Amino acid sequence: MKIAVVGTGYVGLVTGTCLAETGNDVICVDIDASKVEKMKSGIVPIYEPHLDVIFERNIKQKRLKFTTDLESAVKKAQIIFLALPTPPGEDGSADLSYVLGVADQLGKIIEDYKVIIDKSTVPVGTAEKVHAAVAANAKVDFDVVSNPEFLREGFAVDDFLKPDRVVIGTESPRARKILEELYKPYVRQGNPIIFMDEKSAELTKYAANAFLATKITFMNEIANFCEKVGADVDMVRAGIGSDTRIGKRFLFPGIGYGGSCFPKDVQALSKSGIEAGYPFQILDAVMKVNQEQKTSILPKIEDYFNGDLKNKKIAIWGLAFKPDTDDIREAPALYIIEELIKRGATVTAYDPEAMDNVSKVLGNKINYALNMYAAAEEADALVIATEWSAFRTPDFSKLAKKLKNKVIFDGRNLYDLEQMKEQGYYYSSIGRTLIA
Ligand SMILES: NC(=O)C1=CN([C@@H]2O[C@H](COP(=O)(O)OP(=O)(O)OC[C@H]3O[C@@H](n4cnc5c(N)ncnc54)[C@H](O)[C@@H]3O)[C@@H](O)[C@H]2O)C=CC1
Ligand SMILES: O=C(O)[C@H]1O[C@H](OP(=O)(O)OP(=O)(O)OC[C@H]2O[C@@H](n3ccc(=O)[nH]c3=O)[C@H](O)[C@@H]2O)[C@H](O)[C@@H](O)[C@@H]1O
């Protein structure tokens with residue numbers, strides 16, 4: 001099939017590349033000319049495991065192309081994916097200007113039947129708005145379909161090629177038939193395509209993200225409570241996670257959820273609730289707890305240093321909002337760094353992939369180390385903010401020689417409490433207690 005993907009962020013790039021991988025002709029459109037030039041020359045503009053191999057293969061086989069020219073790409077395509085940003089607007093609701101702006105252009109361009117697909121995360125009712133924006137100028141028949149994306153950064157290729165499910169919101173039999181055909185190669189392992197109406201599909205995406213954010217936040221509160229009463233959240237997690245109704249995944253407490261999606265999507269769903277006359281009480285609590293959780297490690301550090309962080313040298317391992325990505329949007333590490341600097345501490349950080357992105361935001365407010373041990377050099381304490389695999393099994397004796405004090409504040413619960421005690425570290429993690 002001939003496909004145009006408009007917007008080449010995480011979602012557009014992965015969608016375009018994975019659709020080419022199953023034999024479709026894909027042209028990706030972006031307004032960022034320098035990004036398009038990079039991609040044309042074979043450079044993947046983001047860090048995403050396994051993407052480079054299939055990206056290169058499909059460029060070579062000329063199934064994957066890039067352009068800034070929306071008109072020529074759209075005219076050749078039967079299916080048009082909109083993978084455009086939907087950032088929070090001033091009031092926290094999703095800003096639809098990118099999506100509706102392109103929809104407006106599409107109406108002027110299309111000359112024959114097209115399926116226009118909302119891949120972006122958009123509030124209930126957006127498919128209708130996109131339809132109206134296209135229809136305002138279009139002289140031909142077209143369908144607008146909601147097909148939300150559930151990929152996770154770091155696992156994006158696998159999530160797209162082998163999805164748990166594909167959700168397709170359309171009431172048009174013609175569009176349904178085309179999409180059934182398009183997604184056939186991806187659902188071959190028995191995972192279903194779930195067809196529904198556009199509004200339910202749009203809400204399914206927000207409900208999924210909000211539910212996962214709530215699950216994490218609930219565990220963060222249980223972890224905080226464990227600290228007060230001397231229980232161990234690892235035990236509680238094992239105990240409740242083995243109940244299949246609860247499940248083992250997304251029960252890991254930490255320093256709050258971050259990233260480009262959970263924070264903005266929970267906020268946007270909350271705003272939609274208010275607009276619809278149904279303010280979600282649970283989402284307000286989730287947002288409040290998560291905001292506090294991001295810096296919950298700070299009082300622990302302050303307590304250790306008797307309230308005085310002035311001129312303390314703090315090493316930070318991990319800047320990305322989670323491992324296996326260079327994405328720093330809403331990364332808890334940035335909130336912690338801001339608070340440390342406010343309190344007069346100096347920060348030296350190391351992240352395997354995200355340091356370039358952080359240096360664009362923080363510049364020389366912090367120091368950037370060449371590796372994890374160099375970050376720890378002469379540090380008064382080490383803070384772990386992202387659970388990169390390399391941080392899971394450090395050489396503790398090498399680390400001890402680098403650190404000024406054997407003190408670790410771990411926001412991701414990476415190490416065994418007993419082992420840390422044996423090694424003589426002061427080790428503070430989230431919601432865990434060494435039960436004698
Ligand atoms: N990042 C993720 O893991 C996931 C994101 N989503 C949703 O997908 C949507 C896109 O997210 P990301 O890929 O992270 O976005 P992004 O912000 O990383 O990238 C968006 C791309 O669109 C381009 N763009 C902006 N205006 C354009 C225009 N008029 N024409 C052509 N290109 C244009 C930008 O230059 C940029 O390359 C959002 O709604 C997001 O919530 C959904 C699932 C996963
Ligand atoms: O809509 C989106 O953009 C995507 O948002 C999330 O994916 P992503 O943001 O890439 O990352 P997750 O792996 O979900 O992690 C999100 C945040 O939750 C935190 N988290 C996750 C799991 C957990 O047990 N504990 C926890 O604190 C992570 O550290 C991270 O900050 C969803 O998992 C995807 O299904 C969805 O498509």
# chains A, B, ... in the order shown; residues from 1 in each chain; ligands from 1
$ residues_near_ligand --ligand "ligand 1" --cutoff "6 Å" --atoms "only C-alpha atoms and all ligand atoms" --output "PyMOL selection string"
chain A and resi 6-12+29-32+83-86+98+102+120-121+149-153+260-261
$ residues_near_ligand --ligand "ligand 2" --cutoff "9 Å" --atoms "only C-alpha atoms and all ligand atoms" --output "PyMOL selection string"
chain A and resi 10-11+120-121+148-156+159+205-206+208-209+212-213+215-217+219-220+248-263+265+320-323+325+330-332+386-387+412
$ write_last_selection --atoms "C-alpha atoms" --output "mmCIF file, in the first residue's frame"
data_model
loop_
_atom_site.group_PDB
_atom_site.id
_atom_site.type_symbol
_atom_site.label_atom_id
_atom_site.label_comp_id
_atom_site.auth_asym_id
_atom_site.auth_seq_id
_atom_site.Cartn_x
_atom_site.Cartn_y
_atom_site.Cartn_z
ATOM 1 C CA TYR A 10 9.086 8.772 17.824
ATOM 2 C CA VAL A 11 5.696 7.641 16.642
ATOM 3 C CA SER A 120 -1.437 11.093 17.643
ATOM 4 C CA THR A 121 -2.961 10.931 21.115
ATOM 5 C CA PRO A 148 -4.022 5.339 18.677
ATOM 6 C CA GLU A 149 -0.471 4.135 19.222
ATOM 7 C CA PHE A 150 0.586 2.169 22.311
ATOM 8 C CA LEU A 151 4.352 1.828 21.730
ATOM 9 C CA ARG A 152 6.810 2.427 24.536
ATOM 10 C CA GLU A 153 10.066 4.257 23.929
ATOM 11 C CA GLY A 154 12.933 1.807 24.200
ATOM 12 C CA PHE A 155 10.700 -1.059 22.947
ATOM 13 C CA ALA A 156 9.050 0.845 20.134
ATOM 14 C CA ASP A 159 5.678 -2.914 20.244
ATOM 15 C CA LYS A 205 -5.616 5.648 24.517
ATOM 16 C CA TYR A 206 -6.085 8.130 27.371
ATOM 17 C CA ALA A 208 -4.679 3.155 29.052
ATOM 18 C CA ASN A 209 -2.079 5.807 29.875
ATOM 19 C CA LEU A 212 -0.879 2.853 34.012
ATOM 20 C CA ALA A 213 0.065 6.205 35.555
ATOM 21 C CA LYS A 215 -1.014 2.023 38.936
ATOM 22 C CA ILE A 216 2.519 3.417 39.299
ATOM 23 C CA THR A 217 1.312 6.253 41.526
ATOM 24 C CA MET A 219 2.602 1.855 44.248
ATOM 25 C CA ASN A 220 4.543 5.040 44.968
ATOM 26 C CA LYS A 248 3.309 -7.920 37.964
ATOM 27 C CA ARG A 249 3.999 -5.091 35.539
ATOM 28 C CA PHE A 250 4.019 -1.355 36.186
ATOM 29 C CA LEU A 251 4.176 -1.899 39.947
ATOM 30 C CA PHE A 252 7.702 -0.519 40.368
ATOM 31 C CA PRO A 253 7.856 2.433 42.727
ATOM 32 C CA GLY A 254 10.394 5.132 42.058
ATOM 33 C CA ILE A 255 10.784 8.876 41.647
ATOM 34 C CA GLY A 256 7.566 9.328 39.705
ATOM 35 C CA TYR A 257 6.526 8.731 36.143
ATOM 36 C CA GLY A 258 7.882 11.059 33.466
ATOM 37 C CA GLY A 259 8.216 11.124 29.704
ATOM 38 C CA SER A 260 6.386 12.794 26.874
ATOM 39 C CA CYS A 261 3.108 10.968 27.423
ATOM 40 C CA PHE A 262 1.921 9.995 30.907
ATOM 41 C CA PRO A 263 2.221 13.513 32.386
ATOM 42 C CA ASP A 265 -2.058 12.632 28.825
ATOM 43 C CA ALA A 320 16.623 10.217 30.592
ATOM 44 C CA PHE A 321 13.065 9.736 31.893
ATOM 45 C CA LYS A 322 13.647 5.984 31.640
ATOM 46 C CA PRO A 323 16.382 3.683 30.286
ATOM 47 C CA THR A 325 15.948 6.344 25.401
ATOM 48 C CA GLU A 330 9.458 15.433 32.132
ATOM 49 C CA ALA A 331 12.429 13.407 33.383
ATOM 50 C CA PRO A 332 12.446 13.260 37.217
ATOM 51 C CA THR A 386 17.338 6.207 35.748
ATOM 52 C CA GLU A 387 17.689 2.428 35.784
ATOM 53 C CA ARG A 412 15.019 3.164 41.193
#
$ residues_around --residues "Ala375 of chain A" --least-positions-apart "5" --cutoff "8 Å" --atoms "only C-alpha atoms" --output "PyMOL selection string"
chain A and resi 315-317+348-350+368-370
$ residues_around --residues "segment 174-181 of chain A" --least-positions-apart "4" --cutoff "7 Å" --atoms "only C-alpha atoms" --output "ChimeraX atom specification"
/A:115,143,170
$ residues_around --residues "segment 41-56 of chain A" --least-positions-apart "4" --cutoff "9 Å" --atoms "only C-alpha atoms" --output "ChimeraX atom specification"
/A:9-10,13-14,17-18,20-21,35-37,60-61,64,153-158,324-327,353
$ select_by_dssp --residues "segment 262-345 of chain A" --states "helix (DSSP H, G or I)" --output "ChimeraX atom specification"
/A:262-275,281-294,297-304,332-342
$ residues_around --residues "Val286 of chain A" --least-positions-apart "5" --cutoff "9 Å" --atoms "only C-alpha atoms" --output "PyMOL selection string"
chain A and resi 210+213-214+217-218+266+281+291
$ write_last_selection --atoms "N, CA and C atoms" --output "PDB file, in the first residue's frame"
ATOM      1  N   ALA A 210      -3.655   6.709  31.476  1.00  0.00           N
ATOM      2  CA  ALA A 210      -4.048   7.193  32.804  1.00  0.00           C
ATOM      3  C   ALA A 210      -4.097   6.033  33.798  1.00  0.00           C
ATOM      4  N   ALA A 213      -0.493   5.156  34.690  1.00  0.00           N
ATOM      5  CA  ALA A 213       0.065   6.205  35.555  1.00  0.00           C
ATOM      6  C   ALA A 213      -0.514   6.073  36.970  1.00  0.00           C
ATOM      7  N   THR A 214      -1.775   5.694  37.049  1.00  0.00           N
ATOM      8  CA  THR A 214      -2.429   5.515  38.356  1.00  0.00           C
ATOM      9  C   THR A 214      -1.833   4.315  39.091  1.00  0.00           C
ATOM     10  N   THR A 217       1.472   5.283  40.431  1.00  0.00           N
ATOM     11  CA  THR A 217       1.312   6.253  41.526  1.00  0.00           C
ATOM     12  C   THR A 217       0.806   5.562  42.784  1.00  0.00           C
ATOM     13  N   PHE A 218      -0.092   4.618  42.607  1.00  0.00           N
ATOM     14  CA  PHE A 218      -0.598   3.867  43.762  1.00  0.00           C
ATOM     15  C   PHE A 218       0.573   3.171  44.456  1.00  0.00           C
ATOM     16  N   VAL A 266      -2.388  12.406  31.230  1.00  0.00           N
ATOM     17  CA  VAL A 266      -3.213  12.430  32.452  1.00  0.00           C
ATOM     18  C   VAL A 266      -3.819  13.829  32.608  1.00  0.00           C
ATOM     19  N   GLN A 281     -11.746  12.864  39.876  1.00  0.00           N
ATOM     20  CA  GLN A 281     -11.084  13.093  41.172  1.00  0.00           C
ATOM     21  C   GLN A 281      -9.792  12.295  41.272  1.00  0.00           C
ATOM     22  N   GLN A 291       3.791  14.624  41.176  1.00  0.00           N
ATOM     23  CA  GLN A 291       4.620  15.829  41.244  1.00  0.00           C
ATOM     24  C   GLN A 291       5.495  15.794  42.503  1.00  0.00           C
TER      25      GLN A 291
END
$ residues_around --residues "Ala379 of chain A" --least-positions-apart "6" --cutoff "6 Å" --atoms "only C-alpha atoms" --output "list of chain:residue names"
A:Lys313, A:Ile314, A:Ala315, A:Leu403, A:Lys404
$ write_last_selection --atoms "N, CA and C atoms" --output "JSON list (two decimals), in the first residue's frame"
[["chain", "number", "residue", "atom", "x", "y", "z"],
["A", 313, "LYS", "N", 28.98, 18.04, 46.61],
["A", 313, "LYS", "CA", 29.13, 17.59, 45.23],
["A", 313, "LYS", "C", 28.28, 16.32, 45.05],
["A", 314, "ILE", "N", 27.25, 16.43, 44.22],
["A", 314, "ILE", "CA", 26.33, 15.30, 44.05],
["A", 314, "ILE", "C", 26.51, 14.71, 42.64],
["A", 315, "ALA", "N", 26.73, 13.41, 42.60],
["A", 315, "ALA", "CA", 26.80, 12.71, 41.31],
["A", 315, "ALA", "C", 25.41, 12.20, 40.96],
["A", 403, "LEU", "N", 34.03, 7.73, 45.13],
["A", 403, "LEU", "CA", 33.19, 8.59, 45.97],
["A", 403, "LEU", "C", 33.95, 9.12, 47.19],
["A", 404, "LYS", "N", 33.62, 10.36, 47.59],
["A", 404, "LYS", "CA", 34.20, 10.87, 48.83],
["A", 404, "LYS", "C", 33.54, 10.16, 50.01]]
$ closest_residue --among "A:Gly16, A:Gly273, A:Gly344, A:Pro123" --to "Gly307 of chain A" --atoms "only C-alpha atoms"
A:Gly344
$ closest_residue --among "A:Asp303, A:Lys264, A:Arg245, A:Gln419" --to "Glu90 of chain A" --atoms "only C-alpha atoms"
A:Lys264
$ closest_residue --among "A:Ala207, A:Leu319, A:Ala231, A:Val166" --to "Asp356 of chain A" --atoms "only C-alpha atoms"
A:Leu319
$ atom_distance --atom1 "atom CA of Tyr186 of chain A" --atom2 "atom CA of Phe160 of chain A"
7.7 Å
$ closest_residue --among "A:Val122, A:Phe142, A:Asp91, A:Gln105" --to "Ile79 of chain A" --atoms "only C-alpha atoms"
A:Phe142
